[in-house]
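Engineer: This is the structure I want to talk about, given as structure tokens.
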Amino acid sequence: MNHRVVVSLVVVGLLAASFTPQSHAQVLEGLAAAVTGKLAGLWRNGEVELLGHYCSYSVTPTIRRWQLYFRGRMWCPGWTSIRGEAMTRSNSGVQGDTTRDFVTKAL
């Protein structure tokens, strides 16, 4: 799933809301906002400090065999060219697995 899918879902929801009676339109707009917020929260980028160096990470969702997975990547610009990578079903655990892979490759 990428940003185009999210935008398409929002556009379809808003178009459907414009053709429904007012009370249903308000419900659909609230639902579209909630779904969009949840979908947008699946992507994360940030920085983490590792051994005194700032490293960047990114987490992106992907679908494999009709199941949601999270792909994590970690790199430390200006320190090393090593890149840690991991793919798990856990949104909360992917960053730890990515860091573990980075440290394993560094050793």
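So you can find residues: chains in the structure tokens are A, B, ... in the order shown, residues in each start at 1, and ligands are numbered from 1 in order.
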Do a neighbour search on Gly46 in chain A at 9 Å with only C-alpha atoms, toss out local chain neighbours closer than 2 positions, and write the hits as a list in words.
Structural biologist: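 Listing them by chain and then by number gives Arg44, Val48, Cys55, Ser56, Tyr57 and Ser58 of chain A.
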Engineer: Can you pull out every residue from range 33-81 of chain A that DSSP, working from the backbone, puts in helix (DSSP H, G or I), and format the result as number ranges by chain?
Structural biologist: A: 33-40
Engineer: Next, the residues of the selection above should be written as a short mmCIF file (atom, residue, chain, number, x, y, z; two decimals), in the first residue's frame with N, CA and C atoms.
Structural biologist:
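Result went into out.cif, see below:
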```
data_model
loop_
_atom_site.label_atom_id
_atom_site.label_comp_id
_atom_site.auth_asym_id
_atom_site.auth_seq_id
_atom_site.Cartn_x
_atom_site.Cartn_y
_atom_site.Cartn_z
N ALA A 33 -11.92 10.11 7.70
CA ALA A 33 -10.84 10.75 8.45
C ALA A 33 -10.17 9.75 9.39
N ALA A 34 -10.95 8.90 10.02
CA ALA A 34 -10.38 7.90 10.94
C ALA A 34 -9.54 6.88 10.19
N VAL A 35 -10.05 6.40 9.06
CA VAL A 35 -9.31 5.41 8.28
C VAL A 35 -8.02 6.01 7.73
N THR A 36 -8.09 7.22 7.24
CA THR A 36 -6.91 7.89 6.70
C THR A 36 -5.85 8.08 7.78
N GLY A 37 -6.29 8.47 8.97
CA GLY A 37 -5.34 8.64 10.07
C GLY A 37 -4.65 7.35 10.45
N LYS A 38 -5.40 6.25 10.48
CA LYS A 38 -4.81 4.94 10.80
C LYS A 38 -3.84 4.50 9.72
N LEU A 39 -4.21 4.67 8.46
CA LEU A 39 -3.33 4.26 7.36
C LEU A 39 -2.05 5.09 7.32
N ALA A 40 -2.18 6.39 7.54
CA ALA A 40 -1.00 7.26 7.49
C ALA A 40 -0.05 6.95 8.65
#
```
Engineer: Report, in Å with one decimal, the straight-line distance from CA of Glu47 in chain A to CA of Thr88 in chain A.
Structural biologist: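 Here the two named atoms are 19.9 Å from each other.
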Engineer: Which residue, A:Met87, A:Gly78, A:Gln26, A:Leu42, has the smallest gap to Arg64 in chain A when you use only C-alpha atoms?
Structural biologist: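 Looking only at the distances to Arg64 in chain A, the closest residue turns out to be A:Met87.
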Engineer: Got a sec: who's within 8 Å of range 82-85 of chain A, counting only C-alpha atoms, leaving out chain neighbours fewer than 6 positions off, as a PyMOL selection string?
Structural biologist: chain A and resi 71-76+97-103+105-106
Engineer: How many Å lie between CA of Leu51 in chain A and CA of Ser90 in chain A, rounded to one decimal?
Structural biologist: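 So the two atoms, CA of Leu51 in chain A and CA of Ser90 in chain A, lie 25.1 Å apart.
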Engineer: Select, from A:Gly96, A:Glu29, A:Leu68, A:Asn91, the residue with the minimum atom-to-atom distance to Gly41 in chain A, counting only C-alpha atoms.
Structural biologist: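 Between A:Gly96, A:Glu29, A:Leu68, A:Asn91, the residue approaching Gly41 in chain A most closely is A:Asn91.
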